[in-house]
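Single-structure report; data block below.
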Amino acid sequence: MRWVWIGLVLSVAACTATPPPPPLPTVSTTVNAVLPPVPSGDWQTFNRTNQREGVQPDLVSTGPLSSAWHTKLDGAVYGQPLIVGDRVLAATQGDTIYSLDAATGKIQWQTRLGTPMPRKGLPCGDIDPVGITGAMAYDRFTGRVYAVAETAGGSHTLVGLDLDTGTVEVRASVDPPRGDTTAYLQAGALTVTDGRVFIPYGGLTGDCGNYVGTVMAIRTDGTDAHSYTVPTRRKGGFDGPAGGVMDNSRLLYATGGGSSTGGQYDDSDAVVALAVDKLNRIDIFTPPAWADDNANNLDLGATNPVMLGSHVAVTGNRGITYVLDQSDLSHVTSQLNTCPSQGSAVALDNMLVIPCATPRAFLCDNAGQLTPLWTAPVAAAGSPTAGGDAVWVVDPAGGILYALAMATGAVRGQVQIGPTPRYASASLSKDHAYVGTMDGVAAVASA
């Protein structure tokens with residue numbers, strides 16, 4: 001499907017209580033095989049694909065919005081719900097994973113992975129308790145859904161559950177190798193590719209304690225774990241909700257501010273490209289004002305890069321959007337003062353929508369130059385997604401889901417869904433949107 005927008009010329013190229021013991025793996029892992037496209041209506045990982053496009057091409061044209069169902073679960077749902085066939089998969093801060101009927105919200109199965117970490121046992125933070133925070137990922141090779149659960153004591157465990165039954169088939173420790181495990185928060189989305197699960201780690205709200213930004217890689221059978229750690233003394237976390245952005249045989253991540261505020265650069269406040277096979281850094285973009293970014297919390301770490309054709313765009317707390325050359329991240333094609341941004345942007349064709357206090361859209365030409373298109377008339381700081389000729393965005397404070405006209409940003413529809421986590425965003429399928437809330441999952445009918 002191609003988007004058709006009246007009045008716009010878009011010919012420009014886009015820039016249960018006790019966890020079971022870990023059994024032996026029951027499904028083989030296939031590496032380097034080519035998968036067919038994501039099935040129609042599915043949303044199998046954060047923003048639908050490993051490229052984090054955030055676009056559902058099969059969503060019907062947006063009509064009046066109405067609440068379809070709201071299923072209360074045992075805790076807040078911070079990660080985007082997944083959609084696989086007729087299932088909506090959600091993970092909670094209660095350390096429970098649920099499979100819900102997409103049409104009715106009825107619970108099909110639920111698996112509790114342990115006791116979540118209470119806030120009083122952490123050095124800082126604003127989530128209580130901490131269970132599963134980062135978005136899960138479904139792997140079509142193994143038929144498993146993968147998640148990372150934090151449990152009492154601060155340990156982090158990768159689990160792989162059978163899609164049909166919720167049975168735990170894989171369980172492996174994935175604590176970062178440096179620092180204090182209780183100072184880490186696994187908030188970024190998981191990526192499953194090439195027979196491995198990639199797990200980004202950052203810090204708690206408040207940036208306290210001894211942690212260093214880390215990406216773990218582990219086989220889908222729970223073996224052969226290794227990691228990449230930002231070469232800074234402290235901080236430099238991978239906190240963006242989208243996690244890694246797949247770009248051929250590498251993953252792009254944004255890092256947060258590190259301990260250096262001048263002198264020797266420490267690879268913090270950056271966009272880094274990590275090779276999928278060895279997890280080594282092979283390319284990097286560093287904002288010119290990195291030292292001031294680090295000193296004043298103006299870094300890139302709470303956002304994610306996004307692919308814009310042959311370009312990569314990234315925006316952070318400083319409020320500058322950098323457009324980078326995909327083949328050489330150090331080459332800045334253009335930059336524009338846009339808005340302070342946290343969360344994940346969405347790109348489709350040559351249009352970029354940035355999460356801001358009020359969402360903003362820009363056009364990108366084939367030279368990588370940005371032109372403002374619209375600013376939404378409503379406050380909605382959640383991460384946007386797109387489909388059905390609309391941009392979908394959540395106002396977490398007001399508990400409202402908006403559908404904005406793609407060409408103008410005008411409000412086409414809105415519906416109350418209840419309070420949501422800060423970076424909440426809608427997963428889209430057929431004629432519904434699904435959003436994680438502070439007490440479960442809300443489904444909205446769009447036609």
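Each chain of the structure tokens is named A, B, ... in the order shown, its residues numbered from 1; ligands are numbered from 1 in display order.
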
Kindly provide the residues of segment 40-150 of chain A that approach segment 304-315 of chain A to within 10 Å, each paired with its closest atom pair and their distance in Å to one decimal, based on only C-alpha atoms, listed by chain and increasing number, as JSON lines.
{"residue": "A:Gln51", "atom": "CA", "partner": "A:Met307", "partner_atom": "CA", "distance": 7.5}
{"residue": "A:Arg52", "atom": "CA", "partner": "A:Val306", "partner_atom": "CA", "distance": 7.3}
{"residue": "A:Glu53", "atom": "CA", "partner": "A:Val306", "partner_atom": "CA", "distance": 7.6}
{"residue": "A:Gly54", "atom": "CA", "partner": "A:Val306", "partner_atom": "CA", "distance": 9.9}

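Neighbouring residues of Ile400 of chain A at 8 Å or closer, counting only C-alpha atoms and skipping chain neighbours under 4 positions away, are Val394, Asp395, Pro396, Gln414, Val415, Gln416, Ile417, Gly418 and Pro419 of chain A.
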
Q) Any idea what's packed within 8 Å of segment 229-232 of chain A, counting only C-alpha atoms, ignoring anything in its chain fewer than 3 positions away? Could you give it as a list in words? A)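 Near segment 229-232 of chain A, the qualifying residues are Val212, Gly213, Thr214, Val215, Lys235, Gly236, Gly258, Ser259, Ser260, Asp266, Asp267 and Ser268 of chain A.
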
Keeping only N, CA and C atoms, write those residues as a tab-separated table (two decimals), in the first residue's frame.
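Written output follows (selection_17.tsv):
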chain	number	residue	atom	x	y	z
A	212	VAL	N	26.21	1.03	33.38
A	212	VAL	CA	26.79	1.51	32.13
A	212	VAL	C	25.95	0.94	30.99
A	213	GLY	N	25.60	1.78	30.02
A	213	GLY	CA	24.80	1.34	28.90
A	213	GLY	C	25.34	0.07	28.25
A	214	THR	N	24.46	-0.94	28.12
A	214	THR	CA	24.88	-2.26	27.65
A	214	THR	C	23.84	-2.84	26.71
A	215	VAL	N	24.31	-3.52	25.67
A	215	VAL	CA	23.45	-4.35	24.83
A	215	VAL	C	23.90	-5.80	24.98
A	235	LYS	N	26.82	5.51	33.32
A	235	LYS	CA	25.67	5.98	32.53
A	235	LYS	C	25.83	5.60	31.05
A	236	GLY	N	25.42	6.46	30.14
A	236	GLY	CA	25.47	6.12	28.72
A	236	GLY	C	24.43	5.09	28.34
A	258	GLY	N	27.01	10.20	29.10
A	258	GLY	CA	27.93	9.44	29.93
A	258	GLY	C	28.56	10.30	31.02
A	259	SER	N	29.65	9.80	31.59
A	259	SER	CA	30.28	10.49	32.71
A	259	SER	C	31.19	11.62	32.27
A	260	SER	N	31.60	11.63	31.01
A	260	SER	CA	32.51	12.67	30.53
A	260	SER	C	31.72	13.92	30.11
A	266	ASP	N	33.69	9.59	25.22
A	266	ASP	CA	33.50	8.24	25.73
A	266	ASP	C	32.37	7.47	25.03
A	267	ASP	N	32.03	7.84	23.80
A	267	ASP	CA	31.01	7.16	23.00
A	267	ASP	C	29.60	7.28	23.57
A	268	SER	N	29.40	8.20	24.52
A	268	SER	CA	28.05	8.43	25.03
A	268	SER	C	27.38	9.51	24.19

(Q) Considering only alpha helix (DSSP H) as DSSP defines it on the backbone, what residues of segment 183-358 of chain A qualify? List them as a ChimeraX atom specification. (A) /A:290-296

Q | Residues of segment 124-210 of chain A in strand (DSSP E), written as a VMD selection string | A | chain A and resid 137 to 139 144 to 151 155 to 162 168 to 173 184 to 185 191 to 193 196 to 203

Would you put the residues from that selection into a file with N, CA, C and O atoms, as a short mmCIF file (atom, residue, chain, number, x, y, z; two decimals), in the first residue's frame?
data_model
loop_
_atom_site.label_atom_id
_atom_site.label_comp_id
_atom_site.auth_asym_id
_atom_site.auth_seq_id
_atom_site.Cartn_x
_atom_site.Cartn_y
_atom_site.Cartn_z
N ALA A 137 9.26 -9.37 21.90
CA ALA A 137 9.40 -9.64 20.47
C ALA A 137 8.99 -11.08 20.20
O ALA A 137 9.31 -11.99 20.98
N TYR A 138 8.29 -11.29 19.08
CA TYR A 138 7.89 -12.64 18.66
C TYR A 138 8.84 -13.13 17.58
O TYR A 138 9.21 -12.38 16.67
N ASP A 139 9.24 -14.40 17.69
CA ASP A 139 10.17 -15.01 16.73
C ASP A 139 9.44 -16.09 15.95
O ASP A 139 9.05 -17.12 16.50
N ARG A 144 8.14 -18.61 19.46
CA ARG A 144 8.17 -18.14 20.85
C ARG A 144 8.05 -16.62 20.91
O ARG A 144 8.49 -15.91 20.01
N VAL A 145 7.52 -16.16 22.03
CA VAL A 145 7.55 -14.74 22.35
C VAL A 145 8.59 -14.56 23.45
O VAL A 145 8.63 -15.32 24.43
N TYR A 146 9.47 -13.57 23.27
CA TYR A 146 10.58 -13.34 24.20
C TYR A 146 10.36 -12.07 25.00
O TYR A 146 9.86 -11.06 24.48
N ALA A 147 10.76 -12.12 26.28
CA ALA A 147 10.66 -10.98 27.18
C ALA A 147 11.79 -11.05 28.19
O ALA A 147 12.36 -12.13 28.42
N VAL A 148 12.11 -9.90 28.80
CA VAL A 148 13.07 -9.86 29.90
C VAL A 148 12.34 -9.42 31.16
O VAL A 148 11.73 -8.34 31.18
N ALA A 149 12.38 -10.26 32.19
CA ALA A 149 11.71 -9.98 33.46
C ALA A 149 12.73 -9.61 34.52
O ALA A 149 13.75 -10.30 34.68
N GLU A 150 12.46 -8.52 35.23
CA GLU A 150 13.25 -8.19 36.42
C GLU A 150 12.49 -8.72 37.63
O GLU A 150 11.28 -8.48 37.77
N THR A 151 13.18 -9.43 38.51
CA THR A 151 12.55 -10.04 39.67
C THR A 151 13.22 -9.57 40.96
O THR A 151 14.27 -8.94 40.94
N SER A 155 17.58 -9.21 39.63
CA SER A 155 18.11 -10.02 38.53
C SER A 155 17.23 -9.88 37.30
O SER A 155 16.02 -9.63 37.39
N HIS A 156 17.85 -10.05 36.12
CA HIS A 156 17.15 -9.93 34.83
C HIS A 156 17.23 -11.28 34.11
O HIS A 156 18.32 -11.84 33.97
N THR A 157 16.08 -11.77 33.66
CA THR A 157 16.00 -13.10 33.06
C THR A 157 15.29 -13.03 31.72
O THR A 157 14.20 -12.45 31.62
N LEU A 158 15.93 -13.59 30.70
CA LEU A 158 15.27 -13.74 29.40
C LEU A 158 14.41 -14.99 29.43
O LEU A 158 14.86 -16.06 29.86
N VAL A 159 13.16 -14.85 28.98
CA VAL A 159 12.27 -16.00 28.87
C VAL A 159 11.74 -16.09 27.45
O VAL A 159 11.52 -15.08 26.78
N GLY A 160 11.58 -17.33 26.98
CA GLY A 160 10.95 -17.58 25.70
C GLY A 160 9.75 -18.47 25.91
O GLY A 160 9.89 -19.58 26.43
N LEU A 161 8.56 -17.98 25.57
CA LEU A 161 7.31 -18.70 25.82
C LEU A 161 6.70 -19.20 24.52
O LEU A 161 6.71 -18.49 23.50
N ASP A 162 6.15 -20.41 24.57
CA ASP A 162 5.41 -20.94 23.43
C ASP A 162 4.19 -20.07 23.16
O ASP A 162 3.41 -19.77 24.08
N VAL A 168 6.86 -21.85 29.34
CA VAL A 168 8.22 -21.33 29.30
C VAL A 168 9.14 -22.42 28.74
O VAL A 168 9.30 -23.48 29.33
N GLU A 169 9.76 -22.13 27.59
CA GLU A 169 10.67 -23.07 26.96
C GLU A 169 12.13 -22.66 27.09
O GLU A 169 13.03 -23.49 26.98
N VAL A 170 12.37 -21.38 27.32
CA VAL A 170 13.74 -20.87 27.47
C VAL A 170 13.78 -19.96 28.69
O VAL A 170 12.87 -19.14 28.90
N ARG A 171 14.82 -20.12 29.50
CA ARG A 171 15.03 -19.23 30.64
C ARG A 171 16.53 -19.08 30.83
O ARG A 171 17.25 -20.07 30.96
N ALA A 172 17.02 -17.83 30.80
CA ALA A 172 18.46 -17.59 30.90
C ALA A 172 18.72 -16.26 31.58
O ALA A 172 18.02 -15.27 31.34
N SER A 173 19.74 -16.21 32.43
CA SER A 173 20.13 -14.97 33.08
C SER A 173 20.78 -14.05 32.05
O SER A 173 21.62 -14.48 31.26
N TYR A 184 20.09 -1.01 36.90
CA TYR A 184 19.73 -1.13 35.49
C TYR A 184 18.22 -1.23 35.30
O TYR A 184 17.51 -1.82 36.12
N LEU A 185 17.75 -0.66 34.20
CA LEU A 185 16.36 -0.84 33.76
C LEU A 185 16.38 -1.32 32.32
O LEU A 185 16.99 -0.68 31.46
N THR A 191 15.05 -7.14 20.22
CA THR A 191 15.14 -7.44 18.79
C THR A 191 15.53 -8.90 18.63
O THR A 191 16.49 -9.35 19.26
N VAL A 192 14.79 -9.64 17.81
CA VAL A 192 15.16 -11.01 17.48
C VAL A 192 15.55 -11.06 16.01
O VAL A 192 14.75 -10.72 15.13
N THR A 193 16.80 -11.42 15.76
CA THR A 193 17.28 -11.54 14.39
C THR A 193 18.47 -12.48 14.36
O THR A 193 19.22 -12.58 15.35
N ARG A 196 19.34 -14.73 17.34
CA ARG A 196 19.72 -14.14 18.61
C ARG A 196 18.68 -13.13 19.08
O ARG A 196 17.96 -12.55 18.27
N VAL A 197 18.67 -12.92 20.40
CA VAL A 197 17.86 -11.86 21.00
C VAL A 197 18.81 -10.76 21.47
O VAL A 197 19.80 -11.04 22.15
N PHE A 198 18.51 -9.52 21.09
CA PHE A 198 19.33 -8.37 21.48
C PHE A 198 18.56 -7.55 22.51
O PHE A 198 17.40 -7.19 22.29
N ILE A 199 19.24 -7.24 23.63
CA ILE A 199 18.58 -6.68 24.81
C ILE A 199 19.31 -5.41 25.25
O ILE A 199 20.45 -5.49 25.73
N PRO A 200 18.71 -4.23 25.10
CA PRO A 200 19.37 -2.99 25.53
C PRO A 200 19.07 -2.66 26.99
O PRO A 200 17.96 -2.89 27.49
N TYR A 201 20.05 -2.10 27.68
CA TYR A 201 19.90 -1.69 29.07
C TYR A 201 20.29 -0.24 29.26
O TYR A 201 21.27 0.24 28.69
N GLY A 202 19.52 0.44 30.10
CA GLY A 202 19.86 1.78 30.54
C GLY A 202 19.69 1.88 32.04
O GLY A 202 19.75 0.86 32.75
N GLY A 203 19.43 3.09 32.53
CA GLY A 203 19.32 3.30 33.96
C GLY A 203 17.91 3.66 34.38
O GLY A 203 17.01 3.87 33.56
#

Q: For atom CA of Gly256 of chain A and atom CA of Gly382 of chain A, quote the distance in Å rounded to one decimal.
A: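 Result for atom CA of Gly256 of chain A versus atom CA of Gly382 of chain A: 19.3 Å, one decimal.
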
Q | Counting only C-alpha atoms, the option among A:Gly222, A:Gly153, A:Gly134, A:Pro421 closest to Asp239 of chain A | A |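 Smallest separation from Asp239 of chain A among the options: A:Gly134.
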
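Across the structure, atom CA of Ala407 of chain A and atom CA of Leu336 of chain A are spaced 20.6 Å apart.
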
Q: Excluding segment 436-445 of chain A and any residue of its chain fewer than 2 positions from it, enumerate the residues within 7 Å of it, using only C-alpha atoms, and give them as a ChimeraX atom specification.
A: /A:65-73,75-81,417-421,424,431-434,447

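In this model, the gap between atom CA of Tyr98 of chain A and atom CA of Val245 of chain A comes to 25.6 Å.
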
Q.
List as a list of chain:residue names the protein and nucleic acid residues near Ala273 of chain A, meaning an atom at most 8 Å away when only C-alpha atoms are counted, but skip any in the same chain fewer than 4 places from it.
A. A:Arg250, A:Leu251, A:Leu252, A:Tyr253, A:Arg281, A:Ile282, A:Asp283, A:Ile284

Q. From the set A:Thr358, A:Thr111, A:Gln186, A:Ser61, which residue has the shortest atom-to-atom contact distance to Gln342 of chain A, counting only C-alpha atoms?
A. A:Thr358

Q.
Just want the 12 Å neighbourhood of Cys339 of chain A, counted on only C-alpha atoms, with same-chain residues fewer than 3 positions away dropped. Output as a VMD selection string.
A. chain A and resid 298 314 to 322 336 342 353 to 362 372 375 381
